[in-house]
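Asks: Data file my_file-v6.tsv (TSV, C-alpha atoms) is appended below.
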chain	number	residue	atom	x	y	z
A	1	MET	CA	98.57	84.98	204.76
A	2	THR	CA	96.72	85.85	201.61
A	3	ASN	CA	97.70	88.20	198.86
A	4	ASP	CA	94.92	90.76	198.37
A	5	THR	CA	96.54	92.30	195.29
A	6	PRO	CA	94.26	91.54	192.32
A	7	SER	CA	95.82	89.66	189.43
A	8	PRO	CA	95.90	91.37	186.04
A	9	ALA	CA	92.97	90.47	183.84
A	10	PRO	CA	93.94	87.86	181.24
A	11	ILE	CA	94.27	89.04	177.65
A	12	ALA	CA	91.79	87.45	175.26
A	13	ASP	CA	93.10	85.29	172.43
A	14	VAL	CA	91.92	87.97	170.00
A	15	PRO	CA	91.83	91.14	172.11
A	16	VAL	CA	90.13	94.34	171.02
A	17	VAL	CA	93.00	96.71	170.23
A	18	LEU	CA	93.04	100.48	170.54
A	19	ALA	CA	95.61	101.65	167.97
A	20	ILE	CA	97.06	105.13	168.47
A	21	ASP	CA	98.87	106.74	165.53
A	22	ILE	CA	100.86	109.74	166.76
A	23	GLY	CA	101.95	112.23	164.12
A	24	GLY	CA	103.42	115.69	163.99
A	25	SER	CA	100.06	117.25	163.07
A	26	HIS	CA	97.43	114.84	164.41
A	27	VAL	CA	96.90	111.97	166.84
A	28	LYS	CA	94.51	109.37	165.41
A	29	ILE	CA	92.84	106.38	167.03
A	30	MET	CA	90.76	103.39	165.98
A	31	VAL	CA	89.64	100.15	167.64
A	32	SER	CA	89.89	96.74	166.01
A	33	SER	CA	86.25	95.94	166.73
A	34	GLY	CA	85.18	98.45	164.09
A	35	GLY	CA	84.12	102.06	163.82
A	36	ASP	CA	85.54	105.21	162.34
A	37	GLU	CA	88.90	106.87	162.84
A	38	ARG	CA	88.94	109.63	165.43
A	39	LYS	CA	91.60	112.35	165.52
A	40	ALA	CA	92.84	115.38	167.42
A	41	VAL	CA	95.37	118.08	166.58
A	42	SER	CA	98.89	117.43	167.94
A	43	GLY	CA	101.84	119.70	167.07
A	44	PRO	CA	104.96	120.98	168.87
A	45	ASP	CA	103.13	121.76	172.12
A	46	MET	CA	101.67	118.28	172.61
A	47	THR	CA	103.33	116.65	175.61
A	48	ALA	CA	102.97	113.00	176.54
A	49	THR	CA	100.41	113.93	179.19
A	50	ALA	CA	98.41	116.00	176.69
A	51	MET	CA	98.43	113.10	174.22
A	52	VAL	CA	97.04	110.70	176.81
A	53	GLU	CA	94.31	113.18	177.76
A	54	ALA	CA	93.41	113.72	174.09
A	55	VAL	CA	93.22	109.97	173.41
A	56	LYS	CA	91.10	109.32	176.49
A	57	THR	CA	88.70	112.03	175.37
A	58	MET	CA	88.50	110.60	171.84
A	59	ALA	CA	88.13	107.04	173.15
A	60	ASP	CA	85.28	107.88	175.49
A	61	GLY	CA	82.60	105.23	175.01
A	62	LEU	CA	84.91	102.76	173.26
A	63	SER	CA	85.66	99.33	174.72
A	64	TYR	CA	89.14	97.82	174.26
A	65	ASP	CA	91.44	95.32	175.94
A	66	VAL	CA	94.94	96.40	174.88
A	67	VAL	CA	96.72	99.37	173.29
A	68	THR	CA	99.26	99.77	170.50
A	69	MET	CA	100.95	103.16	170.34
A	70	GLY	CA	102.81	104.27	167.22
A	71	PHE	CA	105.41	106.85	168.28
A	72	PRO	CA	107.26	109.17	165.83
A	73	GLY	CA	110.78	108.47	167.02
A	74	PRO	CA	113.19	105.76	168.16
A	75	VAL	CA	111.71	102.91	170.20
A	76	ALA	CA	113.86	100.11	171.64
A	77	HIS	CA	112.51	97.09	173.52
A	78	GLY	CA	109.11	98.76	173.80
A	79	ARG	CA	110.47	101.97	175.29
A	80	ILE	CA	110.78	105.48	173.85
A	81	ILE	CA	114.47	106.40	173.90
A	82	THR	CA	114.51	110.03	172.71
A	83	GLU	CA	112.10	112.94	172.83
A	84	PRO	CA	110.23	113.52	169.54
A	85	HIS	CA	111.39	116.21	167.10
A	86	ASN	CA	107.93	117.50	166.17
A	87	LEU	CA	106.04	117.25	169.48
A	88	GLY	CA	106.30	118.53	173.04
A	89	ALA	CA	108.31	117.04	175.90
A	90	GLY	CA	107.92	114.39	178.59
A	91	TRP	CA	107.73	111.21	176.49
A	92	VAL	CA	110.85	109.35	177.66
A	93	GLY	CA	110.09	107.33	180.78
A	94	PHE	CA	106.38	108.13	180.78
A	95	ASP	CA	104.19	105.29	182.10
A	96	PHE	CA	101.72	104.97	179.22
A	97	ALA	CA	100.44	101.56	180.31
A	98	GLY	CA	99.66	102.97	183.73
A	99	ALA	CA	98.03	106.05	182.24
A	100	PHE	CA	95.71	104.00	180.04
A	101	GLY	CA	95.26	101.19	182.57
A	102	LYS	CA	95.68	98.55	179.85
A	103	PRO	CA	98.46	96.29	178.52
A	104	LEU	CA	100.31	98.46	176.01
A	105	ARG	CA	102.96	98.06	173.34
A	106	ILE	CA	104.91	100.97	171.87
A	107	VAL	CA	106.37	100.74	168.37
A	108	ASN	CA	107.83	103.26	165.98
A	109	ASP	CA	104.99	104.87	163.98
A	110	ALA	CA	106.55	104.01	160.61
A	111	LEU	CA	106.93	100.40	161.73
A	112	MET	CA	103.28	100.29	162.76
A	113	GLN	CA	102.17	101.39	159.30
A	114	ALA	CA	104.72	99.09	157.71
A	115	ALA	CA	103.26	96.14	159.62
A	116	GLY	CA	99.86	96.93	158.17
A	117	SER	CA	101.30	97.24	154.65
A	118	TYR	CA	103.38	94.06	154.62
A	119	ASP	CA	102.67	91.38	151.99
A	120	GLY	CA	105.68	89.12	152.57
A	121	GLY	CA	109.27	89.08	151.34
A	122	ARG	CA	111.56	92.09	151.74
A	123	MET	CA	109.63	95.35	152.13
A	124	LEU	CA	111.01	98.85	152.63
A	125	PHE	CA	108.47	101.29	154.03
A	126	LEU	CA	108.95	105.06	153.84
A	127	GLY	CA	106.53	107.45	155.54
A	128	LEU	CA	106.28	110.89	153.97
A	129	GLY	CA	104.65	113.13	156.53
A	130	THR	CA	105.85	115.96	158.74
A	131	GLY	CA	109.20	114.19	158.63
A	132	LEU	CA	110.48	110.92	157.17
A	133	GLY	CA	109.68	107.59	158.77
A	134	ALA	CA	111.30	104.34	157.72
A	135	ALA	CA	111.06	100.64	158.48
A	136	MET	CA	111.93	97.36	156.85
A	137	ILE	CA	110.35	93.93	157.20
A	138	VAL	CA	112.26	90.91	155.94
A	139	ASP	CA	110.54	87.52	156.00
A	140	ASN	CA	108.20	88.59	158.83
A	141	VAL	CA	110.98	90.12	160.95
A	142	ALA	CA	110.36	93.86	161.42
A	143	GLN	CA	113.03	96.48	161.99
A	144	PRO	CA	112.43	100.22	162.50
A	145	MET	CA	115.08	102.48	161.00
A	146	GLU	CA	116.02	106.05	161.89
A	147	LEU	CA	117.08	107.37	158.49
A	148	ALA	CA	115.49	110.82	158.58
A	149	HIS	CA	118.44	112.64	160.09
A	150	LEU	CA	121.25	110.96	158.17
A	151	PRO	CA	123.24	113.28	155.87
A	152	TYR	CA	121.99	113.59	152.30
A	153	ARG	CA	122.97	116.76	150.38
A	154	LYS	CA	124.82	120.01	151.12
A	155	GLY	CA	125.06	119.30	154.83
A	156	LYS	CA	121.33	118.62	155.05
A	157	THR	CA	119.49	115.43	155.95
A	158	PHE	CA	117.06	113.17	154.10
A	159	GLU	CA	114.22	114.75	156.08
A	160	ASP	CA	115.35	118.26	155.09
A	161	TYR	CA	114.67	117.34	151.46
A	162	VAL	CA	111.64	115.03	151.63
A	163	GLY	CA	109.79	116.25	154.74
A	164	GLU	CA	106.77	118.53	154.67
A	165	ALA	CA	108.84	121.70	155.12
A	166	SER	CA	110.71	120.87	151.90
A	167	LEU	CA	107.44	120.32	150.02
A	168	LYS	CA	106.27	123.79	151.06
A	169	LYS	CA	109.64	125.41	150.35
A	170	ARG	CA	110.57	123.75	147.06
A	171	GLY	CA	107.19	122.98	145.55
A	172	ARG	CA	105.68	119.65	144.57
A	173	LYS	CA	107.73	119.00	141.41
A	174	LYS	CA	111.17	119.56	142.93
A	175	TRP	CA	110.19	117.84	146.18
A	176	ALA	CA	109.02	114.77	144.22
A	177	LYS	CA	112.36	114.66	142.40
A	178	TYR	CA	114.18	114.40	145.71
A	179	VAL	CA	111.72	111.83	147.05
A	180	PHE	CA	112.35	109.50	144.12
A	181	ASP	CA	116.10	110.03	144.40
A	182	VAL	CA	115.97	109.07	148.08
A	183	ILE	CA	113.86	106.00	147.24
A	184	ASP	CA	116.43	104.96	144.64
A	185	ARG	CA	119.40	105.41	146.98
A	186	LEU	CA	117.77	103.56	149.87
A	187	SER	CA	116.59	100.78	147.56
A	188	GLN	CA	120.14	100.25	146.32
A	189	ALA	CA	121.33	100.00	149.92
A	190	MET	CA	118.50	97.85	151.35
A	191	GLU	CA	117.66	95.73	148.26
A	192	PRO	CA	113.92	95.39	148.99
A	193	ASP	CA	111.56	93.37	146.82
A	194	TYR	CA	109.18	96.33	146.93
A	195	VAL	CA	108.80	99.78	148.49
A	196	VAL	CA	105.61	101.05	150.11
A	197	LEU	CA	105.08	104.79	150.56
A	198	GLY	CA	102.84	105.99	153.36
A	199	GLY	CA	102.28	109.19	155.28
A	200	GLY	CA	100.11	112.17	154.50
A	201	ASN	CA	102.19	113.42	151.57
A	202	ALA	CA	102.70	110.15	149.69
A	203	GLU	CA	99.50	110.66	147.70
A	204	LYS	CA	101.02	113.82	146.18
A	205	LEU	CA	103.33	111.61	144.10
A	206	ASP	CA	102.56	109.82	140.85
A	207	ALA	CA	104.22	107.73	138.12
A	208	PHE	CA	105.82	105.31	140.56
A	209	PRO	CA	108.66	102.95	139.54
A	210	ALA	CA	107.65	99.32	139.07
A	211	ASN	CA	108.68	98.19	142.56
A	212	VAL	CA	107.15	101.20	144.39
A	213	ARG	CA	103.51	101.45	145.42
A	214	LEU	CA	101.34	103.82	147.36
A	215	GLY	CA	100.24	102.57	150.74
A	216	ASP	CA	97.12	103.45	152.68
A	217	ASN	CA	97.29	105.51	155.86
A	218	ALA	CA	94.60	103.24	157.32
A	219	ASN	CA	97.31	100.56	157.34
A	220	ALA	CA	98.72	102.25	160.44
A	221	PHE	CA	95.69	101.00	162.35
A	222	LYS	CA	95.85	97.62	160.64
A	223	GLY	CA	99.46	97.36	161.81
A	224	GLY	CA	98.52	98.40	165.32
A	225	PHE	CA	95.98	95.58	165.43
A	226	ARG	CA	98.46	93.15	163.91
A	227	VAL	CA	100.94	93.79	166.74
A	228	TRP	CA	98.59	91.85	169.03
A	229	HIS	CA	96.79	89.59	166.55
A	230	ASP	CA	99.55	88.28	164.24
A	231	LYS	CA	101.91	85.96	166.10
A	232	THR	CA	103.96	85.26	162.93
A	233	LEU	CA	105.12	88.88	162.65
A	234	LEU	CA	108.14	89.55	164.85
A	235	ILE	CA	108.22	93.17	166.01
Go ahead and render the structure in this file as structure tokens.

Replies:
Amino acid sequence: MTNDTPSPAPIADVPVVLAIDIGGSHVKIMVSSGGDERKAVSGPDMTATAMVEAVKTMADGLSYDVVTMGFPGPVAHGRIITEPHNLGAGWVGFDFAGAFGKPLRIVNDALMQAAGSYDGGRMLFLGLGTGLGAAMIVDNVAQPMELAHLPYRKGKTFEDYVGEASLKKRGRKKWAKYVFDVIDRLSQAMEPDYVVLGGGNAEKLDAFPANVRLGDNANAFKGGFRVWHDKTLLI
């Protein structure tokens, strides 16, 4: 007897990666072979199915071998383990690899941007966007961290004070004060060599401490490519 089931296509040594950066306000994509970022509006009504449809529409005409998906929530062993706070439903257990028809790796979105920002040593990454993303990389070993919903002040969480809703409610000056306080507290706990700030609101800060620097949101795509291309980085 013969097996008529086709074998999966082999992955190239340096595959072309489609990186998907999923946020609370937009879903963005880019391929490692070059070209511009493409994006679509996300928001609280975007389900997993809607995200896949939006990405396929944006990726029409692009050629890629593999996919990296940065998800705004806990990911363990390449699987989404809870539904996102700022998006629609249906993410846990969804077959993304099957939907895209390509080998696919899912990582926490903050970790994906952290991977693209990493310059060695002990790095703490904090993503200031709709919420608060966090990750740490120590000597090339990456670890996502769910710090956003830990208690901070007056029964509220870190995210309640440094997320986008706080920026709108408290104003830039007071919000920045809390951001730098959170950076200081987390730095004392994690003892990083340096802190990188990413996310859409990080550029609204200035006068950084010596060990804190502004990242680049394009590093999310760089990290998505690095997931497949950099064998020294353990994610």

Asks: Under the rule that only C-alpha atoms are counted, which of A:Ala114, A:Asp119, A:Phe100, A:Lys222 is the nearest residue to A:Ser33?

Replies: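 Of A:Ala114, A:Asp119, A:Phe100, A:Lys222, the one nearest A:Ser33, counting only C-alpha atoms, is A:Lys222.
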
Asks: Rounded to one decimal place, report the atom CA of A:Gly43-atom CA of A:Val27 distance in Å.

Replies: 9.2 Å

Asks: If you measure from atom CA of A:Met51 to atom CA of A:Leu128, what distance in Å do you get, rounded to one decimal?

Replies: 21.8 Å

Asks: So the first atom is atom CA of A:Ala218 and the second is atom CA of A:Asp230; what is the distance between them in Å, to one decimal place?

Replies: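 Atom CA of A:Ala218 sits 17.2 Å away from atom CA of A:Asp230.
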
Asks: For A:Val75, which of A:Leu124, A:Met112, A:Leu18, A:Met30 is the closest residue, counting all atoms listed in the file?

Replies: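 Of all the options, A:Met112 lies closest to A:Val75.
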
Asks: Given all atoms listed in the file as the basis, pick out the residue of A:Gly133, A:Gly223, A:Gly163, A:Pro144 nearest to A:Gly78.

Replies: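 With all atoms listed in the file as the atom set, the closest residue is A:Pro144.
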
Asks: What's the 7 Å shell around stretch 88-98 of chain A, counting only C-alpha atoms, without same-chain residues fewer than 3 positions away, as a ChimeraX atom specification?

Replies: /A:44-48,80-83,101-104

Asks: Restricting the calculation to only C-alpha atoms, which member of A:Glu146, A:Glu164, A:Asp13, A:Asp60 is positioned closest to A:Ile29?

Replies: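 Result for the nearest residue to A:Ile29: A:Asp60.
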
Asks: Using all atoms listed in the file, find the one residue out of A:Gly121, A:Pro72, A:Pro84, A:Gly224 that sits nearest to A:Asp109.

Replies: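 Checking each of A:Gly121, A:Pro72, A:Pro84, A:Gly224 against A:Asp109, counting all atoms listed in the file, the winner is A:Pro72.
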
Asks: Between A:Ala207, A:Met136, A:Val141, A:Val227, which is the closest to A:Leu186 once you count all atoms listed in the file?

Replies: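 For A:Leu186, the nearest of the candidates is A:Met136.
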